>>> print(open('upload23.cif').read())   # mmCIF, C-alpha atoms, pLDDT in the B column; chains and numbers go by the auth columns
data_protein
#
loop_
_atom_site.group_PDB
_atom_site.id
_atom_site.type_symbol
_atom_site.label_atom_id
_atom_site.label_comp_id
_atom_site.label_asym_id
_atom_site.label_seq_id
_atom_site.Cartn_x
_atom_site.Cartn_y
_atom_site.Cartn_z
_atom_site.B_iso_or_equiv
_atom_site.auth_seq_id
_atom_site.auth_asym_id
ATOM 1 C CA MET A 1 146.581 187.908 67.239 49.00 1 A
ATOM 2 C CA ILE A 2 147.005 188.220 70.919 47.00 2 A
ATOM 3 C CA PRO A 3 147.762 184.836 72.478 49.00 3 A
ATOM 4 C CA ASN A 4 145.016 183.128 74.556 54.00 4 A
ATOM 5 C CA GLN A 5 142.335 185.748 73.517 52.00 5 A
ATOM 6 C CA PRO A 6 138.946 184.089 72.775 48.00 6 A
ATOM 7 C CA THR A 7 137.900 184.020 69.168 50.00 7 A
ATOM 8 C CA PRO A 8 134.986 186.464 68.594 50.00 8 A
ATOM 9 C CA THR A 9 131.622 184.766 67.983 49.00 9 A
ATOM 10 C CA THR A 10 128.436 186.081 66.402 49.00 10 A
ATOM 11 C CA ALA A 11 125.540 186.594 68.853 51.00 11 A
ATOM 12 C CA ARG A 12 122.825 183.931 68.365 54.00 12 A
ATOM 13 C CA PRO A 13 119.345 185.293 67.658 53.00 13 A
ATOM 14 C CA PRO A 14 116.532 184.380 70.071 55.00 14 A
ATOM 15 C CA LYS A 15 114.790 181.073 69.361 52.00 15 A
ATOM 16 C CA SER A 16 111.445 182.859 68.806 52.00 16 A
ATOM 17 C CA ARG A 17 113.027 184.951 66.038 57.00 17 A
ATOM 18 C CA VAL A 18 114.430 181.853 64.406 48.00 18 A
ATOM 19 C CA LEU A 19 111.034 180.200 64.470 51.00 19 A
ATOM 20 C CA LEU A 20 109.430 183.308 62.975 52.00 20 A
ATOM 21 C CA VAL A 21 112.003 183.428 60.177 51.00 21 A
ATOM 22 C CA VAL A 22 111.445 179.737 59.427 49.00 22 A
ATOM 23 C CA LEU A 23 107.682 180.210 59.398 51.00 23 A
ATOM 24 C CA LEU A 24 107.905 183.232 57.091 55.00 24 A
ATOM 25 C CA ALA A 25 110.195 181.318 54.769 57.00 25 A
ATOM 26 C CA ALA A 26 107.697 178.453 54.651 53.00 26 A
ATOM 27 C CA VAL A 27 104.898 180.869 53.823 48.00 27 A
ATOM 28 C CA ALA A 28 106.960 182.465 51.048 52.00 28 A
ATOM 29 C CA ALA A 29 107.712 179.021 49.610 53.00 29 A
ATOM 30 C CA GLY A 30 104.007 178.144 49.549 53.00 30 A
ATOM 31 C CA VAL A 31 104.363 175.334 52.068 45.00 31 A
ATOM 32 C CA VAL A 32 102.096 177.052 54.622 46.00 32 A
ATOM 33 C CA ALA A 33 99.290 179.447 53.729 47.00 33 A
ATOM 34 C CA LEU A 34 98.250 181.770 56.520 43.00 34 A
ATOM 35 C CA SER A 35 96.439 185.072 56.413 43.00 35 A
ATOM 36 C CA PRO A 36 97.950 187.996 58.345 40.00 36 A
ATOM 37 C CA VAL A 37 95.343 187.529 61.097 39.00 37 A
ATOM 38 C CA GLU A 38 96.070 183.800 61.365 42.00 38 A
ATOM 39 C CA LEU A 39 99.790 184.491 61.345 38.00 39 A
ATOM 40 C CA ARG A 40 99.508 186.955 64.201 38.00 40 A
ATOM 41 C CA HIS A 41 97.404 184.438 66.120 37.00 41 A
ATOM 42 C CA GLU A 42 99.853 181.606 65.554 36.00 42 A
ATOM 43 C CA VAL A 43 102.863 183.694 66.560 35.00 43 A
ATOM 44 C CA HIS A 44 101.518 185.634 69.527 35.00 44 A
ATOM 45 C CA THR A 45 98.666 183.654 71.091 33.00 45 A
ATOM 46 C CA VAL A 46 99.815 181.609 74.073 34.00 46 A
ATOM 47 C CA PRO A 47 97.193 179.627 75.999 35.00 47 A
ATOM 48 C CA ARG A 48 96.977 180.612 79.645 35.00 48 A
ATOM 49 C CA PRO A 49 97.068 177.764 82.150 35.00 49 A
ATOM 50 C CA GLY A 50 93.678 176.981 83.643 35.00 50 A
ATOM 51 C CA VAL A 51 91.676 178.916 81.010 33.00 51 A
ATOM 52 C CA ALA A 52 89.376 176.814 78.843 33.00 52 A
ATOM 53 C CA SER A 53 89.273 177.408 75.130 32.00 53 A
ATOM 54 C CA GLN A 54 86.116 178.856 73.574 30.00 54 A
ATOM 55 C CA THR A 55 85.113 175.526 72.079 28.00 55 A
ATOM 56 C CA SER A 56 85.299 173.748 75.432 29.00 56 A
ATOM 57 C CA LEU A 57 82.997 176.131 77.319 27.00 57 A
ATOM 58 C CA THR A 58 79.919 174.492 78.815 28.00 58 A
ATOM 59 C CA PRO A 59 76.454 175.914 78.022 27.00 59 A
ATOM 60 C CA PRO A 60 75.200 178.721 80.290 26.00 60 A
ATOM 61 C CA ARG A 61 73.615 177.444 83.474 26.00 61 A
ATOM 62 C CA ALA A 62 70.352 179.130 82.483 23.00 62 A
ATOM 63 C CA ALA A 63 70.056 176.681 79.614 23.00 63 A
ATOM 64 C CA MET A 64 69.907 173.824 82.089 23.00 64 A
ATOM 65 C CA VAL A 65 67.405 175.316 84.541 24.00 65 A
ATOM 66 C CA PRO A 66 64.233 173.213 84.790 26.00 66 A
ATOM 67 C CA ALA A 67 60.943 174.644 83.571 29.00 67 A
ATOM 68 C CA ALA A 68 59.161 176.942 85.959 34.00 68 A
ATOM 69 C CA ASP A 69 57.101 175.282 88.643 40.00 69 A
ATOM 70 C CA ASP A 70 53.473 175.462 87.647 39.00 70 A
ATOM 71 C CA GLY A 71 52.028 174.400 90.974 38.00 71 A
ATOM 72 C CA GLN A 72 51.519 170.781 89.936 38.00 72 A
ATOM 73 C CA ALA A 73 54.476 169.413 91.916 38.00 73 A
ATOM 74 C CA GLY A 74 53.551 166.162 93.591 39.00 74 A
ATOM 75 C CA ARG A 75 50.803 165.338 91.125 38.00 75 A
ATOM 76 C CA ASP A 76 50.689 162.013 89.350 37.00 76 A
ATOM 77 C CA PRO A 77 52.938 162.439 86.265 28.00 77 A
ATOM 78 C CA ARG A 78 50.118 161.171 84.068 28.00 78 A
ATOM 79 C CA SER A 79 47.769 163.856 85.312 34.00 79 A
ATOM 80 C CA VAL A 80 45.514 165.864 83.073 35.00 80 A
ATOM 81 C CA PRO A 81 46.953 169.061 81.564 36.00 81 A
ATOM 82 C CA THR A 82 45.563 172.464 82.476 39.00 82 A
ATOM 83 C CA SER A 83 42.472 173.668 80.674 38.00 83 A
ATOM 84 C CA VAL A 84 42.561 175.323 77.298 34.00 84 A
ATOM 85 C CA PRO A 85 42.466 179.156 77.192 34.00 85 A
ATOM 86 C CA GLY A 86 38.989 180.629 77.460 36.00 86 A
ATOM 87 C CA GLU A 87 37.539 177.495 79.060 42.00 87 A
ATOM 88 C CA GLY A 88 38.319 178.080 82.690 46.00 88 A
ATOM 89 C CA SER A 89 42.100 178.190 82.959 43.00 89 A
ATOM 90 C CA VAL A 90 44.762 180.848 82.609 42.00 90 A
ATOM 91 C CA GLY A 91 47.629 178.399 82.912 41.00 91 A
ATOM 92 C CA PRO A 92 50.658 178.840 85.191 40.00 92 A
ATOM 93 C CA GLY A 93 50.935 182.287 86.702 42.00 93 A
ATOM 94 C CA GLY A 94 47.291 183.372 86.428 59.00 94 A
ATOM 95 C CA ALA A 95 46.699 186.646 88.222 84.00 95 A
ATOM 96 C CA VAL A 96 44.621 186.395 91.390 93.00 96 A
ATOM 97 C CA PHE A 97 43.416 189.976 90.839 91.00 97 A
ATOM 98 C CA ASP A 98 42.640 189.675 87.117 91.00 98 A
ATOM 99 C CA ASP A 99 38.912 190.263 86.693 89.00 99 A
ATOM 100 C CA SER A 100 39.238 189.938 82.918 91.00 100 A
ATOM 101 C CA SER A 101 39.962 186.223 83.299 90.00 101 A
ATOM 102 C CA ALA A 102 36.856 184.039 83.507 93.00 102 A
ATOM 103 C CA THR A 103 38.666 181.428 85.587 93.00 103 A
ATOM 104 C CA VAL A 104 39.151 184.078 88.276 95.00 104 A
ATOM 105 C CA ALA A 105 36.169 186.385 87.867 94.00 105 A
ATOM 106 C CA ASN A 106 33.625 183.525 87.835 95.00 106 A
ATOM 107 C CA LEU A 107 34.715 182.139 91.181 97.00 107 A
ATOM 108 C CA ASP A 108 32.241 182.333 94.040 98.00 108 A
ATOM 109 C CA PRO A 109 32.522 185.916 95.402 97.00 109 A
ATOM 110 C CA ALA A 110 33.230 184.775 98.960 98.00 110 A
ATOM 111 C CA LEU A 111 35.965 182.412 97.779 98.00 111 A
ATOM 112 C CA LEU A 112 37.492 185.077 95.559 97.00 112 A
ATOM 113 C CA ASP A 113 37.484 187.621 98.375 97.00 113 A
ATOM 114 C CA ALA A 114 39.200 185.164 100.744 97.00 114 A
ATOM 115 C CA LEU A 115 41.707 184.237 98.061 97.00 115 A
ATOM 116 C CA ARG A 116 42.642 187.845 97.389 96.00 116 A
ATOM 117 C CA THR A 117 42.957 188.631 101.088 96.00 117 A
ATOM 118 C CA ALA A 118 45.269 185.645 101.519 96.00 118 A
ATOM 119 C CA ALA A 119 47.257 186.585 98.417 95.00 119 A
ATOM 120 C CA THR A 120 47.865 190.063 99.825 95.00 120 A
ATOM 121 C CA ALA A 121 49.112 188.601 103.098 96.00 121 A
ATOM 122 C CA ALA A 122 51.315 186.095 101.285 96.00 122 A
ATOM 123 C CA LEU A 123 53.050 188.915 99.440 94.00 123 A
ATOM 124 C CA ASP A 124 54.257 190.222 102.801 94.00 124 A
ATOM 125 C CA ASP A 125 56.113 186.908 103.136 94.00 125 A
ATOM 126 C CA GLY A 126 57.495 187.173 99.624 94.00 126 A
ATOM 127 C CA VAL A 127 55.132 184.522 98.233 95.00 127 A
ATOM 128 C CA GLU A 128 52.893 185.037 95.191 94.00 128 A
ATOM 129 C CA LEU A 129 49.720 183.007 94.776 94.00 129 A
ATOM 130 C CA HIS A 130 48.881 182.126 91.171 93.00 130 A
ATOM 131 C CA VAL A 131 45.705 180.585 89.810 94.00 131 A
ATOM 132 C CA ASN A 132 46.463 177.549 87.679 93.00 132 A
ATOM 133 C CA SER A 133 42.779 176.718 87.328 94.00 133 A
ATOM 134 C CA GLY A 134 39.684 178.177 88.968 95.00 134 A
ATOM 135 C CA TRP A 135 36.210 178.238 87.474 96.00 135 A
ATOM 136 C CA ARG A 136 35.697 175.868 84.522 96.00 136 A
ATOM 137 C CA SER A 137 32.843 175.510 82.079 96.00 137 A
ATOM 138 C CA ALA A 138 30.911 172.235 82.116 97.00 138 A
ATOM 139 C CA ALA A 139 32.194 171.513 78.605 97.00 139 A
ATOM 140 C CA GLU A 140 35.794 171.963 79.723 96.00 140 A
ATOM 141 C CA GLN A 141 35.259 169.725 82.746 96.00 141 A
ATOM 142 C CA GLU A 142 33.773 167.029 80.530 97.00 142 A
ATOM 143 C CA ARG A 143 36.753 167.294 78.182 97.00 143 A
ATOM 144 C CA LEU A 144 39.163 166.901 81.094 96.00 144 A
ATOM 145 C CA LEU A 145 37.289 163.870 82.397 96.00 145 A
ATOM 146 C CA GLU A 146 37.289 162.171 78.991 96.00 146 A
ATOM 147 C CA GLN A 147 40.989 162.842 78.649 96.00 147 A
ATOM 148 C CA ALA A 148 41.637 161.442 82.137 95.00 148 A
ATOM 149 C CA VAL A 149 39.761 158.244 81.301 96.00 149 A
ATOM 150 C CA ALA A 150 41.877 157.827 78.168 96.00 150 A
ATOM 151 C CA GLU A 151 45.102 158.437 80.093 95.00 151 A
ATOM 152 C CA TYR A 152 44.364 156.404 83.212 94.00 152 A
ATOM 153 C CA GLY A 153 42.567 153.575 81.450 95.00 153 A
ATOM 154 C CA SER A 154 39.400 153.539 83.533 95.00 154 A
ATOM 155 C CA VAL A 155 36.661 155.810 84.835 94.00 155 A
ATOM 156 C CA LYS A 156 37.395 154.700 88.401 93.00 156 A
ATOM 157 C CA GLU A 157 41.035 155.793 88.265 95.00 157 A
ATOM 158 C CA ALA A 158 40.226 158.979 86.383 95.00 158 A
ATOM 159 C CA ARG A 159 37.731 160.016 89.049 95.00 159 A
ATOM 160 C CA ARG A 160 40.553 160.126 91.599 94.00 160 A
ATOM 161 C CA TRP A 161 41.698 163.280 89.809 94.00 161 A
ATOM 162 C CA VAL A 162 38.832 164.698 87.773 95.00 162 A
ATOM 163 C CA ALA A 163 35.201 165.083 88.846 95.00 163 A
ATOM 164 C CA THR A 164 32.186 165.046 86.557 96.00 164 A
ATOM 165 C CA PRO A 165 30.744 168.379 85.384 96.00 165 A
ATOM 166 C CA LYS A 166 27.774 167.781 87.696 96.00 166 A
ATOM 167 C CA THR A 167 29.862 167.308 90.849 96.00 167 A
ATOM 168 C CA SER A 168 32.956 169.441 90.145 97.00 168 A
ATOM 169 C CA ALA A 169 33.575 172.309 92.559 97.00 169 A
ATOM 170 C CA HIS A 170 35.433 174.028 89.742 97.00 170 A
ATOM 171 C CA VAL A 171 32.307 174.172 87.558 97.00 171 A
ATOM 172 C CA SER A 172 30.321 175.708 90.429 97.00 172 A
ATOM 173 C CA GLY A 173 33.144 178.210 91.066 97.00 173 A
ATOM 174 C CA ASP A 174 33.859 176.845 94.542 98.00 174 A
ATOM 175 C CA ALA A 175 37.418 175.566 94.037 98.00 175 A
ATOM 176 C CA VAL A 176 40.742 176.895 92.895 97.00 176 A
ATOM 177 C CA ASP A 177 44.008 175.195 91.981 96.00 177 A
ATOM 178 C CA LEU A 178 46.966 177.296 93.072 95.00 178 A
ATOM 179 C CA GLY A 179 50.676 177.379 92.360 92.00 179 A
ATOM 180 C CA PRO A 180 53.587 177.367 92.463 92.00 180 A
ATOM 181 C CA SER A 181 54.431 174.743 95.087 93.00 181 A
ATOM 182 C CA GLU A 182 55.744 177.409 97.458 95.00 182 A
ATOM 183 C CA ALA A 183 52.378 179.169 97.307 95.00 183 A
ATOM 184 C CA ALA A 184 50.455 175.960 97.964 95.00 184 A
ATOM 185 C CA ARG A 185 52.690 175.234 100.952 96.00 185 A
ATOM 186 C CA TRP A 186 52.153 178.751 102.296 97.00 186 A
ATOM 187 C CA LEU A 187 48.398 178.382 102.007 96.00 187 A
ATOM 188 C CA ALA A 188 48.484 174.938 103.615 95.00 188 A
ATOM 189 C CA ARG A 189 50.101 176.584 106.661 96.00 189 A
ATOM 190 C CA HIS A 190 48.116 179.828 106.766 97.00 190 A
ATOM 191 C CA GLY A 191 45.002 179.250 104.683 97.00 191 A
ATOM 192 C CA ALA A 192 42.706 178.309 107.568 97.00 192 A
ATOM 193 C CA ALA A 193 42.937 181.868 108.876 97.00 193 A
ATOM 194 C CA TYR A 194 41.275 182.981 105.629 97.00 194 A
ATOM 195 C CA GLY A 195 38.864 180.042 105.416 97.00 195 A
ATOM 196 C CA LEU A 196 40.886 178.403 102.643 98.00 196 A
ATOM 197 C CA CYS A 197 41.428 174.679 103.064 98.00 197 A
ATOM 198 C CA GLN A 198 43.101 171.853 101.184 97.00 198 A
ATOM 199 C CA ILE A 199 40.371 169.268 100.620 97.00 199 A
ATOM 200 C CA TYR A 200 42.145 166.278 99.074 97.00 200 A
ATOM 201 C CA ARG A 201 45.392 164.777 100.298 96.00 201 A
ATOM 202 C CA ASN A 202 46.447 163.847 96.773 95.00 202 A
ATOM 203 C CA GLU A 203 45.876 167.385 95.476 96.00 203 A
ATOM 204 C CA PRO A 204 47.969 169.837 97.525 96.00 204 A
ATOM 205 C CA TRP A 205 47.128 172.625 95.050 96.00 205 A
ATOM 206 C CA HIS A 206 43.304 172.348 95.359 97.00 206 A
ATOM 207 C CA PHE A 207 41.656 174.743 97.854 98.00 207 A
ATOM 208 C CA GLU A 208 38.051 175.495 98.764 98.00 208 A
ATOM 209 C CA LEU A 209 36.374 177.906 101.154 98.00 209 A
ATOM 210 C CA ARG A 210 35.337 176.597 104.577 97.00 210 A
ATOM 211 C CA GLN A 211 33.753 179.444 106.541 91.00 211 A
ATOM 212 C CA GLY A 212 34.416 178.060 110.030 92.00 212 A
ATOM 213 C CA ALA A 213 38.075 177.238 109.439 96.00 213 A
ATOM 214 C CA ALA A 214 39.353 180.440 111.041 93.00 214 A
ATOM 215 C CA LEU A 215 37.905 179.315 114.387 94.00 215 A
ATOM 216 C CA ASP A 216 37.772 175.540 114.156 94.00 216 A
ATOM 217 C CA GLY A 217 40.552 174.803 111.679 95.00 217 A
ATOM 218 C CA CYS A 218 40.210 173.012 108.373 97.00 218 A
ATOM 219 C CA PRO A 219 38.302 169.709 108.270 95.00 219 A
ATOM 220 C CA SER A 220 40.127 166.432 107.794 96.00 220 A
ATOM 221 C CA MET A 221 41.197 165.851 104.220 97.00 221 A
ATOM 222 C CA TYR A 222 39.839 163.127 101.981 97.00 222 A
ATOM 223 C CA ALA A 223 42.408 160.811 100.463 96.00 223 A
ATOM 224 C CA ASP A 224 41.150 161.797 96.996 95.00 224 A
ATOM 225 C CA PRO A 225 37.888 162.995 95.404 95.00 225 A
ATOM 226 C CA THR A 226 36.403 159.486 95.306 94.00 226 A
ATOM 227 C CA GLN A 227 36.175 159.624 99.122 95.00 227 A
ATOM 228 C CA ASP A 228 34.198 162.899 99.026 95.00 228 A
ATOM 229 C CA PRO A 229 30.430 162.305 99.487 95.00 229 A
ATOM 230 C CA ARG A 230 29.706 165.239 97.188 93.00 230 A
ATOM 231 C CA MET A 231 31.208 163.305 94.284 91.00 231 A
ATOM 232 C CA THR A 232 28.524 160.613 94.468 83.00 232 A
ATOM 233 C CA ARG A 233 25.586 162.915 93.738 70.00 233 A
#
>>> encode(input="upload23.cif", output="C-alpha cells")
Amino acid sequence: MIPNQPTPTTARPPKSRVLLVVLLAAVAAGVVALSPVELRHEVHTVPRPGVASQTSLTPPRAAMVPAADDGQAGRDPRSVPTSVPGEGSVGPGGAVFDDSSATVANLDPALLDALRTAATAALDDGVELHVNSGWRSAAEQERLLEQAVAEYGSVKEARRWVATPKTSAHVSGDAVDLGPSEAARWLARHGAAYGLCQIYRNEPWHFELRQGAALDGCPSMYADPTQDPRMTR
C-alpha cells in the first residue's frame, strides 16, 4: 500500500434509487400493494407548484351563471308567473315575428306593426326584443288574477299587477310585455318614435301603442294599473 493514499470507497447510489429499491422490497414482502400504474404514479408524479389538484378544482363558471333574464327584472318578487302555453304567452324569448304564436299574432295589427318595426331597428343596436306575454285569453287573465289574489292576499293589492279580463289591455290585444331588461330599456328610450310607450311606472316591461307619441312624446305614466281610469270600467 502506498503511504497516505486514500482508501477506495464504493460510489453511493442516488437517494431516489434507494427509495425505489426500498419500495420494491416492501411490495415484494407484501407490506405495500400497488398496481404497476399506481407504482409509476407514486414514483414519477411530482406536484407542480401553483397547480391545483383535480379534486380541488372549482366548478366551471358556467355552472354559477344566473338564469337568463326573462324581462321581469324590477318586478315584485311575488309577481304572477307568465301564462301557460297556448293561453296567451310564449314565455321568455318569444319571437316578435312568429305568426304561429297566438300571443303575437292576436295582437292589434297596428301595435304588432309598430312592435316589429321597432324590433328591426333595435337589432341594428344589437338588442333583441322578445315577447314575454302579449295577447291573452279571458280565461287566462282570470286565472292570473285569481293567482295574484292568492299570492298578494287581497284583490286591491293584486290589481296593482293584474287587471280583470274585462279591463285588461292584454285580453283586447293592445298590450305587450317585453324582455329582456336590455330590450325594455331600449324601448323606453326609443319607443316613442314608434308609438310604443311604457304605461305603468311599476311595470317597465309593459308597452302599449300611443299613436301621437312620435310627435308629442309618450303620456305621463301611471304609478300602477289602479291609477289608470280604464281599469275602473
>>> resolve_selection(input="upload23.cif", expression="the PyMOL selection byres ((chain A and resi 199-213) around 10)", output="PyMOL selection string")
chain A and resi 71-76+108+110-112+114-115+131-134+160-161+169-170+173-181+183-185+187-188+191-198+214-228
>>> atom_distance(input="upload23.cif", atom1="atom CA of Ser154 of chain A", atom2="atom CA of Val171 of chain A")
22.2 Å
>>> atom_distance(input="upload23.cif", atom1="atom CA of Leu144 of chain A", atom2="atom CA of Lys166 of chain A")
13.2 Å
>>> closest_residue(input="upload23.cif", among="A:Thr103, A:Ser137, A:Thr164, A:Ser172", to="Thr232 of chain A", atoms="only C-alpha atoms")
A:Thr164
>>> atom_distance(input="upload23.cif", atom1="atom CA of Thr167 of chain A", atom2="atom CA of Arg230 of chain A")
6.7 Å
>>> closest_residue(input="upload23.cif", among="A:Ala138, A:Leu129, A:Leu145, A:Val162", to="Arg116 of chain A", atoms="only C-alpha atoms")
A:Leu129
>>> closest_residue(input="upload23.cif", among="A:Leu123, A:Ala95, A:Met231, A:Ala150", to="Ala163 of chain A", atoms="all atoms listed in the file")
A:Met231
